[in-house]
file model38.tsv (TSV, C-alpha atoms)
chain	number	residue	atom	x	y	z
A	1	PRO	CA	89.90	97.07	107.90
A	2	SER	CA	87.36	97.25	110.73
A	3	GLY	CA	85.74	100.49	111.82
A	4	ILE	CA	88.13	100.87	114.76
A	5	GLN	CA	91.14	100.16	112.54
A	6	GLN	CA	89.93	102.68	109.97
A	7	GLN	CA	89.59	105.32	112.69
A	8	HIS	CA	93.15	104.62	113.82
A	9	LEU	CA	94.34	104.88	110.22
A	10	TYR	CA	92.54	108.19	109.87
A	11	GLU	CA	94.09	109.59	113.06
A	12	LEU	CA	97.56	108.44	112.02
A	13	CYS	CA	97.19	109.86	108.52
A	14	TYR	CA	95.74	113.09	109.91
A	15	CYS	CA	98.90	113.52	112.00
A	16	LEU	CA	101.08	112.97	108.91
A	17	TRP	CA	98.97	115.49	107.02
A	18	ILE	CA	99.41	118.15	109.73
A	19	ILE	CA	103.16	117.53	109.89
A	20	SER	CA	103.42	117.69	106.09
A	21	PHE	CA	102.61	121.42	106.25
A	22	ASP	CA	106.00	121.86	107.93
A	23	CYS	CA	107.93	120.31	105.06
A	24	HIS	CA	109.69	123.62	104.52
A	25	ILE	CA	111.68	122.63	107.63
A	26	SER	CA	114.64	120.48	106.61
A	27	ARG	CA	114.55	118.08	109.57
A	28	VAL	CA	110.87	117.32	108.89
A	29	ASN	CA	111.57	116.46	105.25
A	30	ASN	CA	114.53	114.36	106.34
A	31	ARG	CA	112.33	112.24	108.62
A	32	PHE	CA	109.60	111.88	105.99
A	33	ALA	CA	112.26	110.74	103.50
A	34	ARG	CA	113.97	108.16	105.72
A	35	ASP	CA	111.22	106.85	108.04
A	36	GLY	CA	108.98	105.14	105.50
A	37	ALA	CA	106.17	107.70	105.24
A	38	VAL	CA	105.83	107.42	101.46
A	39	PRO	CA	105.47	103.60	101.19
A	40	ALA	CA	103.04	103.70	104.13
A	41	LEU	CA	100.87	106.28	102.35
A	42	VAL	CA	100.94	104.31	99.08
A	43	GLN	CA	99.93	101.12	100.89
A	44	LEU	CA	97.14	103.00	102.63
A	45	LEU	CA	95.73	104.19	99.30
A	46	GLU	CA	95.67	100.57	98.11
A	47	LEU	CA	93.51	99.37	100.99
A	48	THR	CA	89.90	98.40	100.22
A	49	PRO	CA	87.37	99.15	101.47
A	50	ILE	CA	88.55	102.41	103.01
A	51	ARG	CA	86.62	105.41	104.27
A	52	GLU	CA	86.59	108.59	102.23
A	53	LYS	CA	88.00	110.68	105.07
A	54	VAL	CA	91.09	108.42	105.19
A	55	ILE	CA	91.55	108.72	101.43
A	56	ARG	CA	91.14	112.49	101.61
A	57	VAL	CA	93.89	113.09	104.18
A	58	ALA	CA	96.22	110.52	102.55
A	59	LEU	CA	95.89	112.21	99.17
A	60	SER	CA	96.37	115.66	100.72
A	61	THR	CA	99.52	114.46	102.50
A	62	CYS	CA	100.92	113.09	99.24
A	63	TRP	CA	100.12	116.37	97.53
A	64	ASN	CA	101.90	118.39	100.24
A	65	LEU	CA	104.98	116.17	100.01
A	66	ALA	CA	105.04	116.38	96.21
A	67	HIS	CA	105.07	120.17	96.47
A	68	SER	CA	107.47	120.60	99.37
A	69	SER	CA	110.55	122.70	98.86
A	70	THR	CA	113.50	122.86	101.23
A	71	LYS	CA	117.17	121.99	101.35
A	72	ALA	CA	118.34	119.07	103.41
A	73	PRO	CA	120.72	119.96	106.27
A	74	GLN	CA	124.45	119.66	105.74
A	75	ASN	CA	124.76	116.42	107.65
A	76	GLN	CA	128.24	114.97	107.60
A	77	LYS	CA	127.04	111.49	108.58
A	78	LEU	CA	124.75	111.31	105.54
A	79	PHE	CA	127.54	112.52	103.22
A	80	LEU	CA	124.96	114.46	101.20
A	81	PRO	CA	126.14	117.49	99.19
A	82	PRO	CA	124.73	120.85	100.38
A	83	ARG	CA	122.84	121.32	97.12
A	84	PHE	CA	120.93	118.05	97.49
A	85	GLN	CA	117.25	118.53	98.32
A	86	TYR	CA	114.69	116.27	99.91
A	87	ASP	CA	112.09	118.24	98.00
A	88	GLY	CA	108.86	117.62	96.12
A	89	SER	CA	110.74	116.05	93.22
A	90	PHE	CA	112.34	113.49	95.57
A	91	PHE	CA	109.04	112.59	97.24
A	92	LEU	CA	107.18	112.33	93.95
A	93	LYS	CA	109.81	109.96	92.53
A	94	ASP	CA	109.65	107.94	95.74
A	95	MET	CA	105.86	107.65	95.34
A	96	ILE	CA	106.31	106.48	91.76
A	97	ARG	CA	109.01	104.01	92.87
A	98	HIS	CA	106.54	102.50	95.33
A	99	GLY	CA	103.84	102.17	92.67
A	100	ILE	CA	101.44	105.00	93.50
A	101	ASP	CA	100.18	104.82	89.91
A	102	ARG	CA	98.23	101.64	90.78
A	103	PRO	CA	96.04	103.06	93.57
A	104	ILE	CA	95.73	106.41	91.78
A	105	ASP	CA	94.38	104.64	88.68
A	106	MET	CA	91.96	102.67	90.84
A	107	LEU	CA	90.77	105.78	92.70
A	108	TYR	CA	90.53	107.75	89.46
A	109	ALA	CA	88.06	105.21	88.07
A	110	ARG	CA	85.74	105.36	91.10
A	111	GLN	CA	82.82	107.67	91.76
A	112	TRP	CA	83.24	110.06	94.69
A	113	THR	CA	80.82	112.33	96.56
A	114	ASP	CA	83.57	114.49	98.09
A	115	PRO	CA	84.72	117.19	95.62
A	116	ASP	CA	88.04	117.56	97.49
A	117	ILE	CA	88.86	113.91	96.83
A	118	VAL	CA	87.98	114.30	93.15
A	119	SER	CA	90.22	117.34	92.71
A	120	ASN	CA	93.11	115.74	94.64
A	121	ILE	CA	92.91	112.51	92.64
A	122	GLU	CA	92.82	114.36	89.32
A	123	ALA	CA	95.74	116.60	90.30
A	124	LEU	CA	97.88	113.72	91.60
A	125	HIS	CA	96.99	111.55	88.60
A	126	THR	CA	98.23	114.26	86.24
A	127	LEU	CA	101.36	114.93	88.30
A	128	VAL	CA	102.30	111.24	88.61
A	129	TYR	CA	101.93	110.45	84.92
A	130	GLU	CA	103.72	113.59	83.77
A	131	ASN	CA	106.74	112.51	85.82
A	132	TYR	CA	106.34	108.75	85.34
A	133	ARG	CA	107.30	109.04	81.67
A	134	GLU	CA	110.45	111.01	82.52
A	135	MET	CA	111.69	108.87	85.39
A	136	THR	CA	114.63	106.59	84.54
A	137	ASP	CA	115.85	103.46	86.31
A	138	PHE	CA	118.76	105.50	87.64
A	139	ASP	CA	116.36	108.12	89.06
A	140	ALA	CA	114.53	105.33	90.88
A	141	TYR	CA	117.83	103.96	92.18
A	142	LYS	CA	118.92	107.33	93.57
A	143	VAL	CA	115.63	107.77	95.40
A	144	GLU	CA	115.86	104.25	96.80
A	145	VAL	CA	119.37	104.79	98.16
A	146	LEU	CA	118.65	108.23	99.59
A	147	SER	CA	115.55	106.92	101.35
A	148	GLY	CA	117.65	104.19	102.96
A	149	ASP	CA	114.95	101.69	101.98
A	150	LEU	CA	116.89	99.13	99.93
A	151	GLU	CA	115.22	96.00	98.57
A	152	TRP	CA	116.55	93.35	96.18
A	153	ASN	CA	115.29	94.25	92.71
A	154	VAL	CA	116.52	94.79	89.14
A	155	ARG	CA	118.43	97.89	90.25
A	156	HIS	CA	120.79	95.74	92.33
A	157	THR	CA	122.28	93.60	89.58
A	158	GLN	CA	125.49	93.38	87.61
A	159	SER	CA	123.75	94.57	84.45
A	160	PHE	CA	122.43	97.70	86.18
A	161	PHE	CA	125.87	98.73	87.41
A	162	ARG	CA	127.47	97.84	84.12
A	163	GLN	CA	125.12	100.39	82.54
A	164	TYR	CA	125.12	103.10	85.21
A	165	ALA	CA	128.54	102.92	86.91
A	166	ARG	CA	129.66	106.13	85.20
A	167	ALA	CA	126.45	107.90	86.26
A	168	LEU	CA	127.47	107.41	89.89
A	169	GLU	CA	130.06	110.18	89.39
A	170	GLU	CA	127.16	112.64	89.83
A	171	ASN	CA	127.66	115.24	92.58
A	172	ASP	CA	131.08	113.90	93.54
A	173	PHE	CA	129.85	110.29	93.99
A	174	PHE	CA	127.19	111.31	96.50
A	175	ILE	CA	125.23	108.07	95.97
A	176	ILE	CA	128.30	106.02	96.90
A	177	LYS	CA	128.73	108.24	99.95
A	178	ALA	CA	125.10	107.65	100.87
A	179	LEU	CA	125.60	103.86	100.59
A	180	LEU	CA	128.59	104.09	102.92
A	181	SER	CA	126.48	106.16	105.30
A	182	ILE	CA	123.89	103.37	105.35
A	183	LEU	CA	126.60	100.83	106.18
A	184	GLU	CA	128.09	102.99	108.91
A	185	GLY	CA	124.71	103.71	110.49
A	186	LYS	CA	123.01	100.32	110.29
A	187	GLY	CA	126.16	98.29	110.63
A	188	SER	CA	126.80	99.80	114.07
A	189	SER	CA	123.20	99.48	115.31
A	190	SER	CA	122.75	96.94	118.09
A	191	VAL	CA	119.21	97.62	119.33
A	192	ALA	CA	116.41	96.29	117.11
A	193	SER	CA	113.53	93.85	117.11
A	194	ASN	CA	113.93	90.59	115.20
A	195	ASN	CA	111.93	91.86	112.21
A	196	ASP	CA	113.73	95.20	112.17
A	197	ASN	CA	117.06	93.43	112.50
A	198	ASP	CA	116.31	91.11	109.55
A	199	ASN	CA	115.38	94.10	107.39
A	200	GLU	CA	118.47	96.05	108.42
A	201	GLU	CA	120.72	93.12	107.63
A	202	GLU	CA	119.19	92.86	104.16
A	203	VAL	CA	119.76	96.60	103.62
A	204	ILE	CA	123.39	96.23	104.72
A	205	ALA	CA	123.92	93.28	102.37
A	206	ILE	CA	122.41	95.19	99.43
A	207	ALA	CA	124.51	98.29	100.14
A	208	CYS	CA	127.64	96.11	100.25
A	209	PHE	CA	126.64	94.47	96.96
A	210	ASP	CA	126.10	97.85	95.29
A	211	ILE	CA	129.46	99.18	96.40
A	212	GLY	CA	131.09	95.97	95.22
A	213	GLU	CA	129.48	96.29	91.80
A	214	PHE	CA	130.61	99.92	91.59
A	215	VAL	CA	134.17	98.82	92.39
A	216	ARG	CA	133.97	96.14	89.67
A	217	HIS	CA	132.47	98.29	86.93
A	218	TYR	CA	133.88	101.78	87.54
A	219	PRO	CA	137.50	102.44	86.52
A	220	ASN	CA	139.55	102.78	89.70
A	221	GLY	CA	136.37	102.34	91.72
A	222	ARG	CA	138.21	100.66	94.59
A	223	SER	CA	140.40	103.75	95.02
A	224	VAL	CA	137.32	105.99	95.06
A	225	VAL	CA	135.70	103.92	97.81
A	226	THR	CA	138.94	103.70	99.80
A	227	PHE	CA	139.43	107.47	99.60
A	228	MET	CA	135.96	107.92	101.16
A	229	GLY	CA	136.88	105.66	104.06
A	230	GLY	CA	134.76	102.84	102.69
A	231	LYS	CA	137.41	100.17	103.08
A	232	ASP	CA	137.48	100.51	106.87
A	233	ILE	CA	133.68	100.55	107.09
A	234	ILE	CA	133.32	97.42	104.97
A	235	MET	CA	136.19	95.54	106.64
A	236	LYS	CA	134.30	95.70	109.94
A	237	LEU	CA	131.34	93.93	108.29
A	238	LEU	CA	133.48	90.89	107.48
A	239	GLU	CA	132.86	89.89	111.12
A	240	HIS	CA	129.11	90.53	110.96
A	241	LYS	CA	126.96	87.73	112.41
A	242	ASN	CA	124.90	87.48	109.20
A	243	PRO	CA	126.67	85.27	106.61
A	244	GLU	CA	125.04	87.10	103.68
A	245	VAL	CA	126.42	90.41	104.93
A	246	GLN	CA	129.85	88.80	105.27
A	247	ARG	CA	129.62	87.44	101.73
A	248	GLN	CA	128.63	90.76	100.21
A	249	ALA	CA	131.30	92.63	102.20
A	250	ILE	CA	134.04	90.75	100.34
A	251	LEU	CA	134.77	93.25	97.55
call {"tool": "encode", "arguments": {"input": "model38.tsv", "output": "structure tokens"}}
result
Amino acid sequence: PSGIQQQHLYELCYCLWIISFDCHISRVNNRFARDGAVPALVQLLELTPIREKVIRVALSTCWNLAHSSTKAPQNQKLFLPPRFQYDGSFFLKDMIRHGIDRPIDMLYARQWTDPDIVSNIEALHTLVYENYREMTDFDAYKVEVLSGDLEWNVRHTQSFFRQYARALEENDFFIIKALLSILEGKGSSSVASNNDNDNEEEVIAIACFDIGEFVRHYPNGRSVVTFMGGKDIIMKLLEHKNPEVQRQAIL
């Protein structure tokens, strides 16, 4: 990035860093979780060359997120159980899901003049790898769904749901409820740019696929989804303008 671009990156990251000190406030954590802050920070750490001051505030923001502690609000639209937390554990798993180990390894191997950067890299490196070994595919899937950032990958396959359909019983099927929340929110959105619209349609199609696989692989799964009001939500998508969404909405 050019000097001007790097200054803009610094200012943007500095704002995220300041806001990250308010992660004890539930609505702040909610926005960090669902507005793409974590993948943006991971991508920023992967940029080369990048100024040390940008790296410093990006690392500090990641550290604050990984150590945040607050309960998410009881939001009926999100269907999340009151005991669910967008806390440090969630953000750390989201960082791992987006591959923060790659830039952390790269930064760990470099020589730095700023002692704050050195201490932050060492601390994050230890934290990431302590949790990396314990994180399962299902953990990664839960974080992906709860972030609302769905992408086609190995966690959206028949074999995945064949293995983990029973695990979706956790917290009264709150992951299924979150998938339905995604469909209800994005499926009714009419104002978006072309790029945003393409991404939202892919997210809708993936959420439909996941619910369909749950219905196929979980005993009486169709009744579970119907009881949650999922049938009505999905039926509306049969008339969606995107043919892939239509195809995936056929349970």
call {"tool": "residues_around", "arguments": {"input": "model38.tsv", "residues": "segment 158-173 of chain A", "least_positions_apart": "3", "cutoff": "10 Å", "atoms": "all atoms listed in the file", "output": "ChimeraX atom specification"}}
result
/A:79-81,83-84,137-138,141-142,154-155,176-178,209-219,221,224-225,228
call {"tool": "closest_residue", "arguments": {"input": "model38.tsv", "among": "A:Gln246, A:Ser2, A:Thr61, A:Ser68", "to": "His24 of chain A", "atoms": "all atoms listed in the file"}}
result
A:Ser68
call {"tool": "closest_residue", "arguments": {"input": "model38.tsv", "among": "A:Tyr86, A:Tyr129, A:Phe91, A:Tyr10", "to": "Ser26 of chain A", "atoms": "all atoms listed in the file"}}
result
A:Tyr86
call {"tool": "atom_distance", "arguments": {"input": "model38.tsv", "atom1": "atom CA of Gly36 of chain A", "atom2": "atom CA of Arg56 of chain A"}}
result
19.7 Å
call {"tool": "residues_around", "arguments": {"input": "model38.tsv", "residues": "Leu127 of chain A", "least_positions_apart": "5", "cutoff": "9 Å", "atoms": "all atoms listed in the file", "output": "PDB file with C-alpha atoms, in the frame of the given file"}}
result
ATOM      1  CA  ALA A  66     105.040 116.380  96.210  1.00  0.00           C
ATOM      2  CA  LEU A  92     107.180 112.330  93.950  1.00  0.00           C
ATOM      3  CA  GLU A 122      92.820 114.360  89.320  1.00  0.00           C
ATOM      4  CA  TYR A 132     106.340 108.750  85.340  1.00  0.00           C
TER       5      TYR A 132
END
call {"tool": "atom_distance", "arguments": {"input": "model38.tsv", "atom1": "atom CA of Ile121 of chain A", "atom2": "atom CA of Asn30 of chain A"}}
result
25.7 Å
call {"tool": "closest_residue", "arguments": {"input": "model38.tsv", "among": "A:Leu59, A:Met95, A:Cys23, A:Cys15", "to": "Asp116 of chain A", "atoms": "only C-alpha atoms"}}
result
A:Leu59
call {"tool": "residues_around", "arguments": {"input": "model38.tsv", "residues": "Asn64 of chain A", "least_positions_apart": "2", "cutoff": "12 Å", "atoms": "all atoms listed in the file", "output": "number ranges by chain"}}
result
A: 16-24, 29, 32, 38, 57-62, 66-69, 87-89, 91-92, 120, 123-124
call {"tool": "closest_residue", "arguments": {"input": "model38.tsv", "among": "A:Asn131, A:Arg27, A:Glu52, A:Asp149", "to": "Thr113 of chain A", "atoms": "only C-alpha atoms"}}
result
A:Glu52
call {"tool": "decode", "arguments": {"input": "model38.tsv", "residues": "segment 36-177 of chain A", "atoms": "C-alpha atoms", "output": "short mmCIF file (atom, residue, chain, number, x, y, z; two decimals), in the first residue's frame"}}
result
data_model
loop_
_atom_site.label_atom_id
_atom_site.label_comp_id
_atom_site.auth_asym_id
_atom_site.auth_seq_id
_atom_site.Cartn_x
_atom_site.Cartn_y
_atom_site.Cartn_z
CA GLY A 36 -16.70 -8.20 9.41
CA ALA A 37 -14.19 -6.62 11.81
CA VAL A 38 -12.27 -9.85 12.43
CA PRO A 39 -11.63 -10.86 8.78
CA ALA A 40 -10.67 -7.24 8.04
CA LEU A 41 -8.09 -7.26 10.85
CA VAL A 42 -6.67 -10.62 9.74
CA GLN A 43 -6.34 -9.38 6.15
CA LEU A 44 -4.66 -6.23 7.41
CA LEU A 45 -2.04 -8.25 9.29
CA GLU A 46 -1.29 -10.15 6.07
CA LEU A 47 -0.47 -7.00 4.10
CA THR A 48 3.16 -6.39 3.15
CA PRO A 49 4.89 -4.04 3.44
CA ILE A 50 2.99 -2.41 6.29
CA ARG A 51 4.04 0.24 8.79
CA GLU A 52 4.75 -0.77 12.36
CA LYS A 53 2.16 1.62 13.77
CA VAL A 54 -0.56 -0.13 11.72
CA ILE A 55 0.59 -3.54 12.94
CA ARG A 56 0.67 -2.30 16.53
CA VAL A 57 -2.93 -1.06 16.63
CA ALA A 58 -4.21 -4.09 14.67
CA LEU A 59 -2.58 -6.50 17.10
CA SER A 60 -3.86 -4.51 20.09
CA THR A 61 -7.40 -4.58 18.67
CA CYS A 62 -7.22 -8.35 18.21
CA TRP A 63 -5.95 -8.72 21.75
CA ASN A 64 -8.82 -6.62 23.15
CA LEU A 65 -11.38 -8.65 21.21
CA ALA A 66 -9.85 -11.94 22.34
CA HIS A 67 -10.19 -10.81 25.95
CA SER A 68 -13.61 -9.19 25.80
CA SER A 69 -16.30 -10.43 28.12
CA THR A 70 -19.98 -9.57 27.85
CA LYS A 71 -23.30 -11.22 27.18
CA ALA A 72 -25.07 -10.61 23.91
CA PRO A 73 -28.48 -8.92 24.20
CA GLN A 74 -31.61 -11.02 24.25
CA ASN A 75 -32.52 -10.27 20.66
CA GLN A 76 -35.57 -12.12 19.45
CA LYS A 77 -34.70 -11.60 15.78
CA LEU A 78 -31.33 -13.33 16.22
CA PHE A 79 -32.95 -16.25 18.10
CA LEU A 80 -29.87 -16.46 20.33
CA PRO A 81 -30.26 -17.98 23.81
CA PRO A 82 -29.67 -15.53 26.71
CA ARG A 83 -26.62 -17.47 27.85
CA PHE A 84 -24.86 -17.13 24.49
CA GLN A 85 -21.91 -14.74 24.57
CA TYR A 86 -20.13 -12.81 21.85
CA ASP A 87 -17.09 -12.91 24.09
CA GLY A 88 -13.33 -13.34 23.77
CA SER A 89 -13.73 -17.04 23.04
CA PHE A 90 -16.02 -16.28 20.08
CA PHE A 91 -13.69 -13.64 18.63
CA LEU A 92 -10.60 -15.80 19.08
CA LYS A 93 -12.25 -18.72 17.27
CA ASP A 94 -13.35 -16.33 14.52
CA MET A 95 -9.73 -15.16 14.13
CA ILE A 96 -8.56 -18.76 13.90
CA ARG A 97 -11.33 -19.52 11.38
CA HIS A 98 -10.06 -16.70 9.18
CA GLY A 99 -6.47 -17.96 9.37
CA ILE A 100 -4.81 -15.54 11.78
CA ASP A 101 -2.15 -18.18 12.41
CA ARG A 102 -0.57 -17.38 9.01
CA PRO A 103 0.16 -13.66 9.60
CA ILE A 104 1.00 -14.29 13.26
CA ASP A 105 3.63 -16.85 12.23
CA MET A 106 5.03 -14.42 9.66
CA LEU A 107 5.14 -11.54 12.16
CA TYR A 108 6.61 -13.80 14.85
CA ALA A 109 9.58 -14.58 12.59
CA ARG A 110 10.39 -10.92 11.88
CA GLN A 111 12.63 -8.55 13.81
CA TRP A 112 10.88 -5.59 15.43
CA THR A 113 12.15 -2.39 17.05
CA ASP A 114 8.90 -1.69 18.92
CA PRO A 115 8.74 -3.68 22.19
CA ASP A 116 4.94 -3.36 22.28
CA ILE A 117 4.68 -5.16 18.94
CA VAL A 118 6.99 -7.92 20.16
CA SER A 119 4.98 -8.51 23.33
CA ASN A 120 1.65 -8.43 21.46
CA ILE A 121 2.86 -10.87 18.81
CA GLU A 122 4.23 -13.29 21.40
CA ALA A 123 1.05 -13.12 23.49
CA LEU A 124 -1.28 -13.59 20.51
CA HIS A 125 0.92 -16.36 19.08
CA THR A 126 0.64 -18.29 22.34
CA LEU A 127 -3.10 -17.65 22.65
CA VAL A 128 -3.87 -18.67 19.06
CA TYR A 129 -1.94 -21.93 19.16
CA GLU A 130 -3.25 -22.93 22.58
CA ASN A 131 -6.79 -22.67 21.19
CA TYR A 132 -6.01 -23.83 17.65
CA ARG A 133 -5.35 -27.37 18.87
CA GLU A 134 -8.67 -27.49 20.74
CA MET A 135 -10.88 -26.02 18.04
CA THR A 136 -13.06 -28.55 16.19
CA ASP A 137 -14.73 -28.28 12.79
CA PHE A 138 -18.03 -27.85 14.60
CA ASP A 139 -16.61 -24.97 16.67
CA ALA A 140 -15.56 -23.27 13.43
CA TYR A 141 -19.02 -23.86 11.96
CA LYS A 142 -20.78 -22.30 14.95
CA VAL A 143 -18.60 -19.20 14.76
CA GLU A 144 -19.20 -18.92 11.02
CA VAL A 145 -22.99 -19.09 11.41
CA LEU A 146 -23.13 -16.70 14.35
CA SER A 147 -20.99 -14.18 12.49
CA GLY A 148 -23.43 -14.32 9.57
CA ASP A 149 -20.43 -14.63 7.24
CA LEU A 150 -21.18 -17.86 5.36
CA GLU A 151 -18.91 -19.10 2.57
CA TRP A 152 -18.97 -22.39 0.65
CA ASN A 153 -16.40 -24.67 2.29
CA VAL A 154 -16.05 -28.18 3.75
CA ARG A 155 -18.42 -27.27 6.58
CA HIS A 156 -21.30 -26.96 4.12
CA THR A 157 -21.37 -30.51 2.79
CA GLN A 158 -23.44 -33.64 3.23
CA SER A 159 -20.60 -35.39 5.05
CA PHE A 160 -20.31 -32.56 7.59
CA PHE A 161 -24.00 -32.69 8.48
CA ARG A 162 -24.00 -36.45 8.49
CA GLN A 163 -21.36 -36.23 11.22
CA TYR A 164 -22.63 -33.24 13.21
CA ALA A 165 -26.44 -33.24 12.80
CA ARG A 166 -26.90 -34.43 16.39
CA ALA A 167 -24.55 -31.73 17.67
CA LEU A 168 -26.98 -29.10 16.38
CA GLU A 169 -29.27 -29.96 19.32
CA GLU A 170 -26.96 -27.76 21.43
CA ASN A 171 -28.72 -24.95 23.32
CA ASP A 172 -32.15 -25.87 21.97
CA PHE A 173 -31.02 -25.83 18.30
CA PHE A 174 -29.73 -22.27 18.53
CA ILE A 175 -27.55 -22.68 15.42
CA ILE A 176 -30.61 -23.66 13.37
CA LYS A 177 -32.41 -20.64 14.81
#
